[in-house]
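With compact mmCIF, C-alpha atoms inside, this is final.txt:
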# COMPACT_ATOMS: atom_id res chain seq x y z
CA MET A 1 33.15 -4.71 -23.28
CA VAL A 2 33.11 -3.52 -19.71
CA TYR A 3 33.12 0.26 -19.49
CA ALA A 4 33.97 0.43 -15.78
CA PHE A 5 34.54 -1.63 -12.64
CA LEU A 6 33.88 -0.12 -9.23
CA ILE A 7 33.90 -0.98 -5.55
CA ASN A 8 31.92 1.18 -3.14
CA THR A 9 30.63 1.09 0.41
CA ILE A 10 27.02 0.16 1.04
CA VAL A 11 26.62 1.18 4.65
CA PRO A 12 23.70 3.54 5.39
CA GLY A 13 24.44 7.11 4.37
CA THR A 14 26.32 8.34 1.33
CA PRO A 15 28.28 5.63 -0.48
CA ARG A 16 32.03 6.08 -0.73
CA LEU A 17 34.00 4.97 -3.76
CA ILE A 18 36.75 2.64 -2.64
CA TYR A 19 38.17 1.80 -6.06
CA TYR A 20 37.22 2.25 -9.68
CA ASP A 21 38.74 1.62 -13.08
CA ILE A 22 37.40 2.93 -16.39
CA TYR A 23 38.18 0.94 -19.53
CA GLY A 24 36.10 2.56 -22.25
CA GLN A 25 35.20 5.88 -23.77
CA ASP A 26 31.90 7.64 -23.22
CA GLY A 27 32.11 10.33 -25.86
CA VAL A 28 32.64 13.05 -23.24
CA ALA A 29 35.63 14.38 -25.17
CA ASP A 30 33.58 14.48 -28.38
CA GLU A 31 31.19 17.08 -26.97
CA SER A 32 33.88 19.70 -26.49
CA HIS A 33 37.43 19.63 -27.71
CA ASP A 34 38.36 22.11 -24.97
CA ILE A 35 37.99 19.54 -22.15
CA THR A 36 41.27 19.04 -20.33
CA GLY A 37 42.41 15.76 -18.82
CA ASP A 38 41.57 16.93 -15.29
CA VAL A 39 38.05 17.99 -16.26
CA LEU A 40 37.47 14.72 -18.11
CA LYS A 41 38.71 12.77 -15.10
CA SER A 42 36.36 14.65 -12.75
CA VAL A 43 33.40 14.14 -15.11
CA ARG A 44 34.09 10.41 -15.25
CA LYS A 45 34.48 10.19 -11.48
CA ALA A 46 31.13 12.00 -11.06
CA GLN A 47 29.52 9.47 -13.43
CA ILE A 48 30.96 6.56 -11.46
CA GLN A 49 29.77 8.17 -8.21
CA LEU A 50 26.23 8.34 -9.64
CA VAL A 51 26.40 4.64 -10.49
CA SER A 52 27.59 3.84 -6.95
CA GLU A 53 24.70 5.85 -5.48
CA ARG A 54 22.19 3.90 -7.54
CA VAL A 55 23.80 0.58 -6.53
CA HIS A 56 23.73 1.74 -2.89
CA SER A 57 20.04 2.62 -3.14
CA GLU A 58 19.08 -0.71 -4.70
CA TYR A 59 21.18 -2.63 -2.18
CA GLN A 60 19.59 -0.85 0.80
CA PHE A 61 16.14 -1.63 -0.58
CA ARG A 62 16.91 -5.32 -1.09
CA ARG A 63 18.61 -5.58 2.30
CA ALA A 64 15.53 -4.11 4.02
CA ILE A 65 13.31 -6.69 2.33
CA SER A 66 15.56 -9.71 2.96
CA GLY A 67 15.96 -9.11 6.70
CA ARG A 68 19.58 -10.32 6.75
CA SER A 69 21.99 -8.23 8.75
CA VAL A 70 25.33 -6.84 7.64
CA GLU A 71 26.93 -8.34 10.72
CA GLU A 72 25.94 -11.86 9.60
CA ASP A 73 27.78 -11.38 6.31
CA VAL A 74 30.89 -9.94 7.94
CA LEU A 75 30.93 -12.65 10.61
CA ARG A 76 30.65 -15.40 7.99
CA VAL A 77 33.57 -14.02 5.99
CA SER A 78 35.68 -13.48 9.12
CA ASN A 79 35.07 -16.90 10.67
CA ASP A 80 34.73 -19.29 7.75
CA ASP A 81 36.81 -17.37 5.22
CA THR A 82 34.03 -18.11 2.74
CA LEU A 83 32.16 -15.62 0.66
CA PRO A 84 28.79 -14.50 2.02
CA GLU A 85 25.52 -14.77 0.19
CA PHE A 86 25.49 -11.75 -2.10
CA GLU A 87 22.58 -9.51 -2.95
CA VAL A 88 22.59 -9.41 -6.75
CA GLY A 89 21.21 -6.67 -8.91
CA PHE A 90 21.01 -5.48 -12.46
CA PHE A 91 19.76 -2.21 -13.90
CA ARG A 92 19.78 -0.52 -17.24
CA LEU A 93 20.94 3.03 -17.85
CA GLY A 94 19.28 4.75 -20.77
CA MET A 95 21.17 7.01 -23.10
CA GLY A 96 21.72 10.29 -21.27
CA ASP A 97 20.82 8.97 -17.79
CA ILE A 98 24.43 9.01 -16.66
CA PHE A 99 26.42 8.17 -19.78
CA ASN A 100 26.10 9.26 -23.39
CA ARG A 101 25.44 5.66 -24.43
CA GLU A 102 22.97 3.09 -23.19
CA ARG A 103 24.61 0.69 -20.73
CA TYR A 104 23.70 -1.73 -17.97
CA VAL A 105 25.15 -2.36 -14.53
CA VAL A 106 25.53 -5.71 -12.78
CA TRP A 107 26.29 -5.47 -9.07
CA LEU A 108 26.84 -7.76 -6.11
CA GLY A 109 26.83 -6.58 -2.52
CA ALA A 110 27.47 -8.06 0.90
CA GLY A 111 28.66 -6.77 4.24
CA TYR A 112 29.96 -3.25 3.79
CA THR A 113 30.96 -3.49 0.13
CA ALA A 114 29.39 -3.58 -3.33
CA PHE A 115 31.09 -4.52 -6.59
CA SER A 116 29.79 -3.40 -9.97
CA VAL A 117 30.58 -3.63 -13.64
CA VAL A 118 29.17 -1.15 -16.13
CA CYS A 119 28.80 -2.96 -19.44
CA GLU A 120 27.95 -2.14 -23.01
CA ILE A 121 24.36 -3.05 -23.78
CA SER A 122 25.44 -5.88 -26.12
CA GLU A 123 27.43 -7.76 -23.45
CA ASN A 124 26.25 -11.04 -21.93
CA ARG A 125 24.78 -10.23 -18.51
CA LEU A 126 25.26 -13.74 -17.09
CA LEU A 127 28.91 -13.74 -18.15
CA ALA A 128 29.35 -10.32 -16.51
CA GLU A 129 27.90 -11.65 -13.25
CA SER A 130 30.07 -14.77 -13.41
CA VAL A 131 33.26 -12.76 -13.98
CA LEU A 132 32.25 -10.34 -11.20
CA ARG A 133 31.86 -13.24 -8.75
CA LEU A 134 35.28 -14.55 -9.77
CA LEU A 135 36.83 -11.10 -9.30
CA ILE A 136 35.32 -10.81 -5.83
CA ARG A 137 36.68 -14.22 -4.86
CA TYR A 138 40.24 -13.29 -5.79
CA LEU A 139 39.99 -9.75 -4.45
CA GLN A 140 38.95 -11.21 -1.10
CA GLU A 141 41.80 -13.73 -1.21
CA HIS A 142 44.52 -11.20 -2.07
CA VAL A 143 43.17 -7.87 -0.75
CA ARG A 144 40.62 -8.83 1.92
CA VAL A 145 38.20 -6.39 0.34
CA LEU A 146 35.12 -7.73 2.17
CA THR A 147 36.65 -7.76 5.64
CA GLN A 148 38.93 -4.71 5.30
CA PRO A 149 37.37 -2.46 2.64
CA SER A 150 39.09 0.68 3.93
CA GLU A 151 42.51 -0.82 3.15
CA THR A 152 41.65 -1.59 -0.48
CA GLY A 153 42.97 1.78 -1.58
CA LEU A 154 46.31 0.97 0.02
CA ARG A 155 46.50 -2.25 -1.97
CA SER A 156 45.36 -0.87 -5.30
CA GLU A 157 48.28 -2.52 -7.13
CA ARG A 158 46.95 -5.92 -6.04
CA VAL A 159 43.45 -4.97 -7.18
CA GLY A 160 44.98 -3.96 -10.52
CA VAL A 161 46.75 -7.32 -10.88
CA VAL A 162 43.51 -9.25 -10.28
CA LEU A 163 41.54 -7.01 -12.66
CA ASN A 164 44.15 -7.12 -15.42
CA THR A 165 44.27 -10.90 -15.20
CA PHE A 166 40.55 -11.73 -15.13
CA LEU A 167 39.21 -8.62 -16.93
CA PRO A 168 41.99 -7.68 -19.36
CA SER A 169 41.39 -4.22 -20.84
CA GLY A 170 37.74 -4.52 -19.83
CA ASN A 171 37.05 -7.62 -21.91
CA LEU A 172 34.79 -10.29 -20.46
CA LEU A 173 36.39 -13.69 -20.98
CA PHE A 174 34.69 -17.06 -21.13
CA LEU A 175 36.68 -19.00 -18.54
CA ASN A 176 36.83 -22.73 -18.02
CA HIS A 177 38.35 -24.42 -14.95
CA ARG A 178 41.74 -25.01 -16.53
CA LEU A 179 42.11 -21.41 -17.63
CA ILE A 180 41.01 -20.19 -14.19
CA ARG A 181 43.68 -22.36 -12.54
CA GLN A 182 46.32 -20.98 -14.89
CA LEU A 183 45.20 -17.39 -14.23
CA GLU A 184 45.23 -18.08 -10.46
CA LYS A 185 48.90 -19.05 -10.74
CA GLU A 186 49.66 -15.88 -12.70
CA VAL A 187 47.95 -13.70 -10.08
CA ASP A 188 49.82 -15.44 -7.25
CA ASN A 189 53.17 -15.03 -9.04
CA GLN A 190 52.57 -11.36 -9.85
CA ILE A 191 51.48 -10.50 -6.31
CA LYS A 192 54.41 -12.37 -4.75
CA ALA A 193 56.90 -10.65 -7.08

Starting from the file, lay out its structure as structure tokens.
Amino acid sequence: MVYAFLINTIVPGTPRLIYYDIYGQDGVADESHDITGDVLKSVRKAQIQLVSERVHSEYQFRRAISGRSVEEDVLRVSNDDTLPEFEVGFFRLGMGDIFNRERYVVWLGAGYTAFSVVCEISENRLLAESVLRLLIRYLQEHVRVLTQPSETGLRSERVGVVLNTFLPSGNLLFLNHRLIRQLEKEVDNQIKA
């Protein structure tokens, strides 16, 4: 099960959350029955912000080592309309680090944007990375998230359609080519409607 999906900026400085969706429970409400919906929402957003800061830090480190420039990635996406070569990362969050349960994060970053899934510790990491790559491909096709990340918030309904199709209720699906083609058609029909 995926606990959360998030998109954040990875430019130098403080990362900015562009979009996030939380699918699971973290036991925050179990600690105090007096927590209101607004407080719970702000606690969860703070947790997601901490994840985005860690992704940002790891991305900046890897980018410094690789020597590739952000401009190369953006230029490749703009000119060829192909996805750039992503920096890929994975880290584990111990119980109490950010969440009440142990989880792991798989992230991919390129250009100005990073994409992450926060997964339960029992989930298949390679499947999570594969689904994340697929999500990025369709988010770029329908939302232009890599070339126009600031407009992603304006097109959140399209992001929701892509997520609900390829990551229904936070469940990682094993996808073959036929199923992917069928889901592509569903996404296209829902976005055109």

Could you state the separation of atom CA of A:Glu157 and atom CA of A:Gly170 in Å, given to one decimal place? 16.6 Å

12 Å contact set for stretch 146-154 of chain A, only C-alpha atoms, chain neighbours under 4 positions out, as a ChimeraX atom specification: /A:6-11,16-20,70-71,73-84,86,108-115,136-142,158-160

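Checking A:Asn189, A:Phe5, A:Ser57, A:Thr14 one by one against A:Val105, counting all atoms listed in the file, you find the shortest gap at A:Phe5.
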
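Remark: for A:Gln25, the closest of the candidate residues A:Asn171, A:Asn100, A:Ser66, A:Gln60 is A:Asn100 (distances computed over all atoms listed in the file).
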
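When all atoms listed in the file are used to compute distances to A:Ser122, the closest of the residues A:Arg155, A:Arg54, A:Leu172, A:Val161 turns out to be A:Leu172.
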
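Of the residues under consideration (A:Val143, A:Ile121, A:Leu179, A:Leu127), A:Ile121 shows the shortest atom-to-atom contact distance to A:Met95 when counting only C-alpha atoms.
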
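Atom CA of A:Ile22 is found 12.0 Å from atom CA of A:Val43.
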
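Counting from atom CA of A:His177, the distance to atom CA of A:Ala4 is 25.2 Å.
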
To test the calculation: enclose all listed atoms of stretch 134-150 of chain A in a box whose edges run along x, y and z, add 4 Å on each side, then state centre and edge lengths in Å to one decimal, as JSON.
{"center_x": 39.8, "center_y": -6.9, "center_z": -2.1, "size_x": 17.4, "size_y": 23.2, "size_z": 23.4}

Select, counting all atoms listed in the file, all protein, DNA and RNA residues no farther than 8 Å from (27.8, -4.0, -13.7) in file coordinates, and express the selection as a ChimeraX atom specification. /A:4-5,90,104-107,115-119,128-129

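Between A:Thr165 and the residues A:Tyr23, A:Arg125, A:Gln49, A:Val187, the shortest atom-to-atom distance, using only C-alpha atoms, involves A:Val187.
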
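Considering all atoms listed in the file, the residue among A:Ser52, A:Glu87, A:Leu173, A:Leu126 positioned nearest to A:Ile65 is A:Glu87.
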